[in-house]
Amino acid sequence: MKKQQLQETTDFLKSNGIINPQIGIVLGTGLGKLVEEIEIEKEITYSEIPHFPEATVEFHSGKLIFGELSGKKVIVMSGRFHVYEGYSLWEVTYGIRTVHALGISTLLVSNAAGAINLNYKKGDLMLLDDHLNLQGGSPLAFKEANEFGNIFVDLLEPYSKKINNKLKVIALENDIQLHEGMYASVIGPQLETRAEYRMLQVLEADAVGMSTVPEIIVAKQLELECAAISVLTDECDPKNLQPVNIDEIIAIAGKSEPKLILLFKELIKNI
């Protein structure tokens, strides 16, 4: 049933001219301007796509965009899905299965996250080299999951060392500070308590967010090469915690976005 759904989704998109994208990109909260760099060939809102969930978060636009970026065919999810919106993990990762079925071999992911590592500051970028799944479930834990590949996915290297090394070189060449660390994924949508931030420090997380990990787990089942970058939009110091301002988080994401765009554009040239 799920495989048939996915087939109907991809048949629809192919019939609308989305053919053989090489690279898939997921844009996180407040990180939509990469779309302006793309020579767009096709743009389809999620609500038009059969079986596709709809983005409900106000700062996620909810469009699938196909076109050319840095000389490569890309397909961009401008707007992602979260468990906190009431979606199942199948729905949260449906877009990843879709863009894989359309032909991508590489997945690039962005997100907005809070800095747990106190050496990291608002506006910094962090390259993910590992993660903690604290969402209480797996996107591979359903009856038909083995129809899509091995469910006992090896996560020794969830984020491609090869791609990460390229990103680090690009950052160095362009004088962009790019931390590297471990991302903890929680359900949300509430922010963490001081006790939870202390717990995350004990677990040696460098950043915390509410996305990305389910997408990466599915991408690894599908044998995609993955890389992910967090824009750190707030500092999560349990000894000096400040009230969270969502507008400020979006503004910080927007201010840091040009650095993220440059990294992705230069990387895509070299993939």
# chains A, B, ... in the order shown; residues from 1 in each chain; ligands from 1
call {"tool": "select_by_dssp", "arguments": {"residues": "region 68-171 of chain A", "states": "strand (DSSP E or B)", "output": "ChimeraX atom specification"}}
result
/A:68-69,72-78,106-115,125-133
call {"tool": "closest_atom_pairs", "arguments": {"of": "region 56-142 of chain A", "to": "region 206-227 of chain A", "cutoff": "9 Å", "atoms": "only C-alpha atoms", "output": "CSV"}}
result
residue,atom,partner,partner_atom,distance
A:Arg80,CA,A:Ser211,CA,8.5
A:Phe81,CA,A:Ser211,CA,8.0
A:His82,CA,A:Ser211,CA,6.2
A:Val83,CA,A:Met210,CA,8.1
A:Tyr84,CA,A:Met210,CA,8.1
A:Leu89,CA,A:Pro214,CA,7.1
A:Val92,CA,A:Pro214,CA,7.5
A:Thr93,CA,A:Glu215,CA,5.4
A:Tyr94,CA,A:Glu215,CA,8.8
A:Gly95,CA,A:Glu215,CA,8.7
A:Ile96,CA,A:Glu215,CA,6.5
A:Arg97,CA,A:Val218,CA,7.5
A:His100,CA,A:Leu222,CA,7.4
A:Ile104,CA,A:Leu224,CA,7.9
A:Ser105,CA,A:Leu224,CA,5.3
A:Thr106,CA,A:Glu225,CA,4.8
A:Leu107,CA,A:Cys226,CA,4.8
A:Leu108,CA,A:Ala227,CA,5.1
A:Val109,CA,A:Ala227,CA,6.3
A:Ser110,CA,A:Thr212,CA,7.8
A:Asn111,CA,A:Thr212,CA,7.2
A:Ala112,CA,A:Gly209,CA,6.9
A:Ala113,CA,A:Gly209,CA,4.7
A:Gly114,CA,A:Val208,CA,5.2
A:Ala115,CA,A:Ala207,CA,4.6
A:Ile116,CA,A:Ala207,CA,4.9
A:Asn117,CA,A:Asp206,CA,4.5
A:Leu118,CA,A:Asp206,CA,8.3
A:Tyr120,CA,A:Asp206,CA,8.2
A:Met126,CA,A:Ala207,CA,8.3
A:Leu127,CA,A:Ala227,CA,7.8
A:Leu128,CA,A:Ala227,CA,7.2
A:Asp129,CA,A:Ala227,CA,8.4
A:His131,CA,A:Val213,CA,7.1
A:Leu132,CA,A:Val213,CA,7.8
A:Asn133,CA,A:Val213,CA,6.4
A:Gln135,CA,A:Met210,CA,8.3
A:Gly137,CA,A:Pro214,CA,8.9
A:Ser138,CA,A:Pro214,CA,7.0
A:Pro139,CA,A:Pro214,CA,5.9
A:Leu140,CA,A:Val218,CA,7.1
call {"tool": "residues_around", "arguments": {"residues": "Met1 (chain A)", "least_positions_apart": "5", "cutoff": "10 Å", "atoms": "only C-alpha atoms", "output": "PDB file with N, CA and C atoms, in the first residue's frame"}}
result
ATOM      1  N   LEU A   6       3.603   5.777  -2.959  1.00  0.00           N
ATOM      2  CA  LEU A   6       4.825   6.450  -3.386  1.00  0.00           C
ATOM      3  C   LEU A   6       4.959   6.425  -4.905  1.00  0.00           C
ATOM      4  N   GLN A   7       4.569   5.308  -5.516  1.00  0.00           N
ATOM      5  CA  GLN A   7       4.613   5.202  -6.972  1.00  0.00           C
ATOM      6  C   GLN A   7       3.683   6.223  -7.625  1.00  0.00           C
ATOM      7  N   GLU A 144       5.747  -2.518   6.372  1.00  0.00           N
ATOM      8  CA  GLU A 144       6.214  -2.642   4.984  1.00  0.00           C
ATOM      9  C   GLU A 144       7.612  -2.069   4.776  1.00  0.00           C
TER      10      GLU A 144
END
call {"tool": "residues_around", "arguments": {"residues": "Ala195 (chain A)", "least_positions_apart": "5", "cutoff": "12 Å", "atoms": "only C-alpha atoms", "output": "list in words"}}
result
Leu200, Gln201, Val202, Cys236, Asp237, Pro238, Lys239 and Leu241 of chain A
call {"tool": "residues_around", "arguments": {"residues": "Lys3 (chain A)", "least_positions_apart": "3", "cutoff": "12 Å", "atoms": "only C-alpha atoms", "output": "ChimeraX atom specification"}}
result
/A:6-10,51,90,94,97-98,101,143-149
call {"tool": "residues_around", "arguments": {"residues": "region 74-77 of chain A", "least_positions_apart": "2", "cutoff": "8 Å", "atoms": "only C-alpha atoms", "output": "number ranges by chain"}}
result
A: 21-27, 35, 62-69, 72, 79-80, 95, 99
call {"tool": "select_by_dssp", "arguments": {"residues": "region 6-239 of chain A", "states": "alpha helix (DSSP H)", "output": "VMD selection string"}}
result
chain A and resid 6 to 15 89 to 92 94 to 102 161 to 173 194 to 202 213 to 221
call {"tool": "write_last_selection", "arguments": {"atoms": "N, CA and C atoms", "output": "compact mmCIF listing (two decimals), in the first residue's frame"}}
result
# COMPACT_ATOMS: atom_id res chain seq x y z
N LEU A 6 3.60 5.78 -2.96
CA LEU A 6 4.82 6.45 -3.39
C LEU A 6 4.96 6.42 -4.91
N GLN A 7 4.57 5.31 -5.52
CA GLN A 7 4.61 5.20 -6.97
C GLN A 7 3.68 6.22 -7.62
N GLU A 8 2.50 6.38 -7.06
CA GLU A 8 1.54 7.36 -7.60
C GLU A 8 2.08 8.78 -7.46
N THR A 9 2.74 9.06 -6.34
CA THR A 9 3.34 10.39 -6.13
C THR A 9 4.42 10.66 -7.16
N THR A 10 5.32 9.69 -7.34
CA THR A 10 6.44 9.92 -8.26
C THR A 10 5.97 9.93 -9.72
N ASP A 11 4.97 9.13 -10.05
CA ASP A 11 4.42 9.16 -11.42
C ASP A 11 3.85 10.54 -11.73
N PHE A 12 3.15 11.12 -10.75
CA PHE A 12 2.58 12.46 -10.93
C PHE A 12 3.68 13.49 -11.16
N LEU A 13 4.73 13.43 -10.36
CA LEU A 13 5.81 14.42 -10.47
C LEU A 13 6.58 14.26 -11.78
N LYS A 14 6.81 13.02 -12.18
CA LYS A 14 7.49 12.79 -13.47
C LYS A 14 6.63 13.29 -14.63
N SER A 15 5.32 13.08 -14.53
CA SER A 15 4.43 13.56 -15.60
C SER A 15 4.40 15.08 -15.67
N LEU A 89 5.95 9.27 11.49
CA LEU A 89 7.31 9.30 10.95
C LEU A 89 7.34 8.90 9.47
N TRP A 90 6.37 8.12 9.02
CA TRP A 90 6.23 7.84 7.58
C TRP A 90 5.96 9.14 6.82
N GLU A 91 5.05 9.96 7.35
CA GLU A 91 4.72 11.24 6.69
C GLU A 91 5.88 12.22 6.78
N VAL A 92 6.54 12.26 7.93
CA VAL A 92 7.68 13.16 8.12
C VAL A 92 8.76 12.91 7.06
N TYR A 94 8.27 11.24 4.10
CA TYR A 94 7.70 10.91 2.79
C TYR A 94 8.42 11.66 1.66
N GLY A 95 8.78 12.90 1.93
CA GLY A 95 9.48 13.69 0.92
C GLY A 95 10.83 13.10 0.55
N ILE A 96 11.52 12.53 1.53
CA ILE A 96 12.83 11.92 1.26
C ILE A 96 12.66 10.70 0.37
N ARG A 97 11.66 9.89 0.67
CA ARG A 97 11.40 8.70 -0.17
C ARG A 97 11.01 9.14 -1.59
N THR A 98 10.29 10.25 -1.68
CA THR A 98 9.85 10.75 -2.99
C THR A 98 11.03 11.21 -3.83
N VAL A 99 11.89 12.06 -3.25
CA VAL A 99 13.00 12.59 -4.06
C VAL A 99 14.00 11.48 -4.41
N HIS A 100 14.12 10.47 -3.54
CA HIS A 100 14.95 9.32 -3.88
C HIS A 100 14.36 8.57 -5.07
N ALA A 101 13.04 8.35 -5.03
CA ALA A 101 12.38 7.63 -6.13
C ALA A 101 12.50 8.39 -7.45
N LEU A 102 12.65 9.71 -7.38
CA LEU A 102 12.82 10.52 -8.59
C LEU A 102 14.24 10.44 -9.14
N LYS A 161 31.54 11.41 5.32
CA LYS A 161 32.83 12.05 5.63
C LYS A 161 33.39 12.74 4.39
N LYS A 162 33.18 12.13 3.24
CA LYS A 162 33.68 12.70 1.98
C LYS A 162 33.05 14.08 1.72
N ILE A 163 31.73 14.16 1.87
CA ILE A 163 31.05 15.45 1.64
C ILE A 163 31.42 16.44 2.74
N ASN A 164 31.46 15.96 3.99
CA ASN A 164 31.82 16.85 5.09
C ASN A 164 33.21 17.46 4.90
N ASN A 165 34.14 16.65 4.42
CA ASN A 165 35.49 17.18 4.18
C ASN A 165 35.48 18.25 3.09
N LYS A 166 34.68 18.04 2.06
CA LYS A 166 34.55 19.07 1.01
C LYS A 166 33.97 20.36 1.57
N LEU A 167 32.95 20.23 2.42
CA LEU A 167 32.32 21.42 3.02
C LEU A 167 33.31 22.17 3.91
N LYS A 168 34.14 21.42 4.64
CA LYS A 168 35.12 22.08 5.52
C LYS A 168 36.15 22.86 4.71
N VAL A 169 36.55 22.30 3.56
CA VAL A 169 37.51 23.00 2.69
C VAL A 169 36.87 24.27 2.13
N ILE A 170 35.62 24.16 1.67
CA ILE A 170 34.90 25.32 1.12
C ILE A 170 34.77 26.41 2.18
N ALA A 171 34.44 26.02 3.41
CA ALA A 171 34.29 26.99 4.51
C ALA A 171 35.62 27.71 4.76
N LEU A 172 36.70 26.94 4.77
CA LEU A 172 38.02 27.52 5.00
C LEU A 172 38.38 28.51 3.89
N GLU A 173 38.13 28.12 2.66
CA GLU A 173 38.47 28.97 1.50
C GLU A 173 37.66 30.26 1.48
N ARG A 194 15.58 23.85 31.62
CA ARG A 194 16.99 23.92 32.02
C ARG A 194 17.52 22.52 32.31
N ALA A 195 16.69 21.69 32.96
CA ALA A 195 17.12 20.31 33.27
C ALA A 195 17.40 19.52 31.99
N GLU A 196 16.55 19.73 30.97
CA GLU A 196 16.75 19.02 29.69
C GLU A 196 18.02 19.50 28.99
N TYR A 197 18.30 20.80 29.05
CA TYR A 197 19.56 21.30 28.47
C TYR A 197 20.76 20.71 29.20
N ARG A 198 20.66 20.58 30.53
CA ARG A 198 21.76 19.96 31.29
C ARG A 198 21.94 18.51 30.86
N MET A 199 20.80 17.81 30.67
CA MET A 199 20.87 16.42 30.21
C MET A 199 21.57 16.33 28.86
N LEU A 200 21.23 17.23 27.94
CA LEU A 200 21.84 17.21 26.61
C LEU A 200 23.34 17.50 26.69
N GLN A 201 23.74 18.35 27.63
CA GLN A 201 25.17 18.59 27.83
C GLN A 201 25.87 17.32 28.32
N VAL A 202 25.21 16.61 29.24
CA VAL A 202 25.77 15.35 29.74
C VAL A 202 25.92 14.33 28.61
N VAL A 213 16.92 14.10 11.86
CA VAL A 213 17.34 12.72 12.14
C VAL A 213 16.43 11.69 11.46
N PRO A 214 15.09 11.80 11.53
CA PRO A 214 14.28 10.82 10.79
C PRO A 214 14.59 10.82 9.29
N GLU A 215 14.82 12.01 8.74
CA GLU A 215 15.11 12.13 7.31
C GLU A 215 16.43 11.41 6.96
N ILE A 216 17.43 11.58 7.82
CA ILE A 216 18.73 10.96 7.57
C ILE A 216 18.64 9.45 7.70
N ILE A 217 17.89 8.95 8.68
CA ILE A 217 17.74 7.50 8.85
C ILE A 217 17.13 6.88 7.59
N VAL A 218 16.10 7.51 7.07
CA VAL A 218 15.47 7.02 5.84
C VAL A 218 16.43 7.12 4.66
N ALA A 219 17.13 8.23 4.57
CA ALA A 219 18.09 8.41 3.48
C ALA A 219 19.16 7.32 3.51
N LYS A 220 19.57 6.92 4.70
CA LYS A 220 20.58 5.85 4.81
C LYS A 220 19.99 4.50 4.42
N GLN A 221 18.71 4.26 4.74
CA GLN A 221 18.08 3.02 4.26
C GLN A 221 18.10 2.99 2.73
call {"tool": "closest_residue", "arguments": {"among": "A:Ile18, A:Leu178, A:Leu125, A:Ala141", "to": "Ser88 (chain A)", "atoms": "only C-alpha atoms"}}
result
A:Ala141
call {"tool": "residues_around", "arguments": {"residues": "Asn174 (chain A)", "least_positions_apart": "6", "cutoff": "10 Å", "atoms": "only C-alpha atoms", "output": "number ranges by chain"}}
result
A: 168, 259, 262-263
call {"tool": "write_last_selection", "arguments": {"atoms": "N, CA and C atoms", "output": "mmCIF file, in the first residue's frame"}}
result
data_model
loop_
_atom_site.group_PDB
_atom_site.id
_atom_site.type_symbol
_atom_site.label_atom_id
_atom_site.label_comp_id
_atom_site.auth_asym_id
_atom_site.auth_seq_id
_atom_site.Cartn_x
_atom_site.Cartn_y
_atom_site.Cartn_z
ATOM 1 N N LYS A 168 34.142 21.423 4.641
ATOM 2 C CA LYS A 168 35.119 22.081 5.522
ATOM 3 C C LYS A 168 36.151 22.857 4.706
ATOM 4 N N LYS A 259 25.712 32.400 4.216
ATOM 5 C CA LYS A 259 26.869 31.502 4.406
ATOM 6 C C LYS A 259 26.481 30.070 4.039
ATOM 7 N N LEU A 262 26.142 29.740 0.231
ATOM 8 C CA LEU A 262 27.450 29.666 -0.427
ATOM 9 C C LEU A 262 28.043 28.260 -0.291
ATOM 10 N N LEU A 263 27.962 27.696 0.903
ATOM 11 C CA LEU A 263 28.509 26.345 1.125
ATOM 12 C C LEU A 263 27.825 25.319 0.228
#
call {"tool": "closest_residue", "arguments": {"among": "A:Ala228, A:Gly136, A:Ser160, A:Val244", "to": "Ser185 (chain A)", "atoms": "only C-alpha atoms"}}
result
A:Gly136
call {"tool": "closest_residue", "arguments": {"among": "A:Ser70, A:Thr29, A:Asn20, A:Gln4", "to": "Ile249 (chain A)", "atoms": "only C-alpha atoms"}}
result
A:Thr29
